[in-house]
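Asker: Quick one: structure below, then a few questions.
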Amino acid sequence: MDNYIFSVTALNTYIKELVDADPGLAAVTVRGEVSNYKAYPSGHHYFSLKDENGTLKCVMFKGNAIHLRFRPQNGMQVVAMGRVSVFPRDGAYQLYVTAMMPDGVGDLHMAFERLKDKLQEEGLFAQEHKKPLPVYPEKIALITSPAGAAVRDMIRILDARWPMAKVCVLPVRVQGAEAAGEISRAIAYVNACQVADLIITGRGGGSMEDLWCFNEEIVARAIYASEIPVISAVGHEPDVTIADLVADVRASTPSNAAELAVEDQNDVYAWIQELSQRLGKQMARELKFQRERLARLENSRALQDPMWFVEERRMWLDRSREQMGAALRHRVVEERTRFAAAAGKLDALSPLKVLGRGYAIPKKGEAVVTSAKDLRAKDEFLLQLRDGTVDCQVKG
C-alpha cells in the first residue's frame, strides 16, 4: 500500500471501515457537557460533548430522539450511549447517540431496574393481585403534598365530577429523603383506621430525582399490602415509577387519577334519565297490554253468561263420557275375542282332548310313563282314560 494513492473519499471510507470494525467502539458510554445543541426540523439532534480538555461531535437521529424524556440544553451534564463512526464526507469521527440521560440519572436508572426486576420476581406487579376500584366511592384519601398544584387539581375535579364523595387530604412530603417513609406510613394509616375506601397517591411532574420517593421499595410494599384500592398518579404520561407498577390502577397524571376515581355526575344523571324514560315507556306498554287484556276478559262469554261456561263444560263432560264408554265397550269386545281365541287354542292342546280320541296316559305315581324302560315286571301303574283310571300291573 506504500505506492497506492488514495482519493479523499476512499481514505475516509477506509478509516470508517476500520473504526466500524472495532467492537470497542460499537457501544460506548460518554459523560460530558452539552454544547452547540440544535434540533433540526427533520427531527435529528446535533450537538457536541465536551470536558475541560476535549470536544466530541455527536448526532442523535429522530428515531432515537423521540424517546428522550428531557430537553437537552447547552451546559447540561449528560451521559450518552451510542457508537463511534466516521462521516466520510467530512472525514470526521463522531458519536452516533442512541440514548441519553442527565448525568446522575444513570445510577438512578440502574437502581430502578434492579428494584423493578426484584419486585416483579416476587409478584408485586401481578395482575391477579390488583383490586377493582369502587364504582361510587364515599370517601377518598389523597396522599400527597398539600401545597402542590396536583392536590388542588384533584380536589377541583373530584368536586366537579362527584361532589357526594368526601375527600380527605393526608399531607406528606413527595420529595426528599423523608418522603418515602411518610407516604408508606400514610397508606398504612388509611388502612388501619379505614379512613377511606379509595386511595390516590402521587404528585406533579419533575425530574427522576424529584419523583424518586415513588421508586422506593418501602412505598411499593405499602401499596401492595394495602387492602384499600390504590391509584398511583405520579408525574406526567411518560413518567413510570415503581409505585405505578404496583398500584391497582396507574393514572397518567394527578388530574387523570381524579377522573378515574369517580364517575361524572352528569353522565350518571343522564344515565338515570335514560333509565327513567325506558322504564316509563315499558310501564306504558305494560299498562296498555293489561287494559286490552281486561277489555277482552270483560267481553268474554264466561263473564257475560257464567252458566254458558258451565254448560259448555257439561257438554264436554258428556261427550268425554260417551267416548270413554264406547272405548271401553270396544276394548271389552276385543278382549273377549282374544280370550276366546286363546281358550280355543288351549282346549285344542288339552290332554283331555287327546284322551277323548281313544288315547290313554300311563302314570306311575304322579309321573307320566313315557318309555317301556320306566316299568318292570309286576310294577303297578294307573292308566288314565277319558272317563276314569284303571289299575294295571306289568306281566311282562
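As shown in the C-alpha cells, the chain order sets the letters A, B, ...; within each chain, residues go from 1, and ligands are also counted from 1 in the order they appear.
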From a DSSP calculation on the backbone, collect every residue of range 59-122 of chain A in strand (DSSP E or B) and output the set as JSON, numbers by chain.
Answerer: {"A": [59, 60, 77, 78, 79, 80, 81, 82, 83, 84, 85, 86, 87, 92, 93, 94, 95, 96, 97, 98, 99, 100, 101, 102]}
Asker: Please provide as a PDB file with N, CA and C atoms, in the first residue's frame all residues within 6 Å of range 170-186 of chain A, with the sequence filter that same-chain residues fewer than 6 positions apart are discarded (counting only C-alpha atoms).
Answerer:
ATOM      1  N   LEU A 142     -56.416  11.436  49.706  1.00  0.00           N
ATOM      2  CA  LEU A 142     -55.358  11.947  48.836  1.00  0.00           C
ATOM      3  C   LEU A 142     -54.071  12.017  49.636  1.00  0.00           C
ATOM      4  N   ILE A 143     -53.105  11.183  49.301  1.00  0.00           N
ATOM      5  CA  ILE A 143     -51.813  11.163  49.996  1.00  0.00           C
ATOM      6  C   ILE A 143     -50.832  11.879  49.083  1.00  0.00           C
ATOM      7  N   THR A 144     -50.594  13.151  49.363  1.00  0.00           N
ATOM      8  CA  THR A 144     -49.758  13.969  48.505  1.00  0.00           C
ATOM      9  C   THR A 144     -49.357  15.221  49.260  1.00  0.00           C
ATOM     10  N   SER A 145     -48.626  16.070  48.586  1.00  0.00           N
ATOM     11  CA  SER A 145     -48.241  17.340  49.193  1.00  0.00           C
ATOM     12  C   SER A 145     -49.446  18.276  49.251  1.00  0.00           C
ATOM     13  N   PRO A 146     -49.709  18.897  50.399  1.00  0.00           N
ATOM     14  CA  PRO A 146     -50.866  19.788  50.493  1.00  0.00           C
ATOM     15  C   PRO A 146     -50.654  21.124  49.792  1.00  0.00           C
ATOM     16  N   ASP A 210     -36.636  14.038  41.455  1.00  0.00           N
ATOM     17  CA  ASP A 210     -37.794  14.585  42.169  1.00  0.00           C
ATOM     18  C   ASP A 210     -38.829  13.504  42.464  1.00  0.00           C
ATOM     19  N   CYS A 213     -38.940   9.193  45.350  1.00  0.00           N
ATOM     20  CA  CYS A 213     -39.567   8.577  46.519  1.00  0.00           C
ATOM     21  C   CYS A 213     -40.619   7.557  46.118  1.00  0.00           C
ATOM     22  N   VAL A 219     -42.343   2.207  49.741  1.00  0.00           N
ATOM     23  CA  VAL A 219     -43.617   2.678  49.194  1.00  0.00           C
ATOM     24  C   VAL A 219     -44.293   1.572  48.385  1.00  0.00           C
ATOM     25  N   ALA A 222     -45.844  -0.913  50.726  1.00  0.00           N
ATOM     26  CA  ALA A 222     -47.025  -0.361  51.397  1.00  0.00           C
ATOM     27  C   ALA A 222     -48.239  -0.384  50.471  1.00  0.00           C
TER      28      ALA A 222
END
Asker: Determine, counting only C-alpha atoms, which protein, DNA and RNA residues have an atom within 8 Å of an atom of Gln384 in chain A; residues of the same chain fewer than 4 positions away are not included. Present the result as a list in words.
Answerer: Ala360, Ile361, Pro362, Lys363, Gly388, Thr389 and Val390 of chain A
Asker: Could you give me, as a PDB file with N, CA and C atoms, in the first residue's frame, the residues within 7 Å of Asp264 in chain A, counting only C-alpha atoms and dropping anything in the same chain fewer than 3 positions from it?
Answerer:
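File written: out-v4.pdb
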ATOM      1  N   ARG A 161     -66.908  16.380  39.486  1.00  0.00           N
ATOM      2  CA  ARG A 161     -67.432  15.131  38.927  1.00  0.00           C
ATOM      3  C   ARG A 161     -68.340  14.400  39.908  1.00  0.00           C
ATOM      4  N   TRP A 162     -67.965  14.348  41.188  1.00  0.00           N
ATOM      5  CA  TRP A 162     -68.739  13.554  42.153  1.00  0.00           C
ATOM      6  C   TRP A 162     -68.675  14.214  43.524  1.00  0.00           C
ATOM      7  N   ASP A 267     -72.842  12.367  33.689  1.00  0.00           N
ATOM      8  CA  ASP A 267     -73.057  11.114  32.951  1.00  0.00           C
ATOM      9  C   ASP A 267     -74.023  10.211  33.714  1.00  0.00           C
ATOM     10  N   VAL A 268     -73.862  10.155  35.042  1.00  0.00           N
ATOM     11  CA  VAL A 268     -74.746   9.310  35.845  1.00  0.00           C
ATOM     12  C   VAL A 268     -76.174   9.832  35.788  1.00  0.00           C
TER      13      VAL A 268
END
Asker: Among range 170-309 of chain A, which residues does DSSP mark as helix (DSSP H, G or I) when it is run on the backbone? Keep the chain and numbering as in the structure and answer as a PyMOL selection string.
Answerer: chain A and resi 179-193+212-215+217-225+242-246+254-261+265-298+301-304+306-309
Asker: Using only C-alpha atoms, I'd like a table of the residues in range 151-229 of chain A that come within 9 Å of range 239-252 of chain A; for each, show the closest atom pair and its distance in Å rounded to one decimal, ordered by chain and ascending number, as JSON lines.
Answerer:
{"residue": "A:Gly202", "atom": "CA", "partner": "A:Ala243", "partner_atom": "CA", "distance": 8.8}
{"residue": "A:Gly205", "atom": "CA", "partner": "A:Asp239", "partner_atom": "CA", "distance": 8.0}
{"residue": "A:Gly206", "atom": "CA", "partner": "A:Asp239", "partner_atom": "CA", "distance": 8.9}
{"residue": "A:Met208", "atom": "CA", "partner": "A:Asp239", "partner_atom": "CA", "distance": 8.3}
{"residue": "A:Leu211", "atom": "CA", "partner": "A:Thr241", "partner_atom": "CA", "distance": 7.9}
{"residue": "A:Trp212", "atom": "CA", "partner": "A:Thr241", "partner_atom": "CA", "distance": 8.0}
{"residue": "A:Phe214", "atom": "CA", "partner": "A:Ala243", "partner_atom": "CA", "distance": 5.5}
{"residue": "A:Asn215", "atom": "CA", "partner": "A:Ile242", "partner_atom": "CA", "distance": 4.8}
{"residue": "A:Glu216", "atom": "CA", "partner": "A:Ile242", "partner_atom": "CA", "distance": 7.5}
{"residue": "A:Glu217", "atom": "CA", "partner": "A:Ile242", "partner_atom": "CA", "distance": 8.1}
{"residue": "A:Val219", "atom": "CA", "partner": "A:Ala243", "partner_atom": "CA", "distance": 6.9}
{"residue": "A:Ala220", "atom": "CA", "partner": "A:Ala243", "partner_atom": "CA", "distance": 5.4}
{"residue": "A:Arg221", "atom": "CA", "partner": "A:Val246", "partner_atom": "CA", "distance": 8.2}
{"residue": "A:Ile223", "atom": "CA", "partner": "A:Ala247", "partner_atom": "CA", "distance": 6.2}
{"residue": "A:Tyr224", "atom": "CA", "partner": "A:Val246", "partner_atom": "CA", "distance": 6.2}
{"residue": "A:Pro229", "atom": "CA", "partner": "A:Asp248", "partner_atom": "CA", "distance": 6.1}
Asker: What's around Asp159 in chain A at 10 Å? Count only C-alpha atoms, leave out sequence neighbours fewer than 5 positions away in its own chain, and write the answer as a PyMOL selection string.
Answerer: chain A and resi 153-154+164-167+258+262+264-265
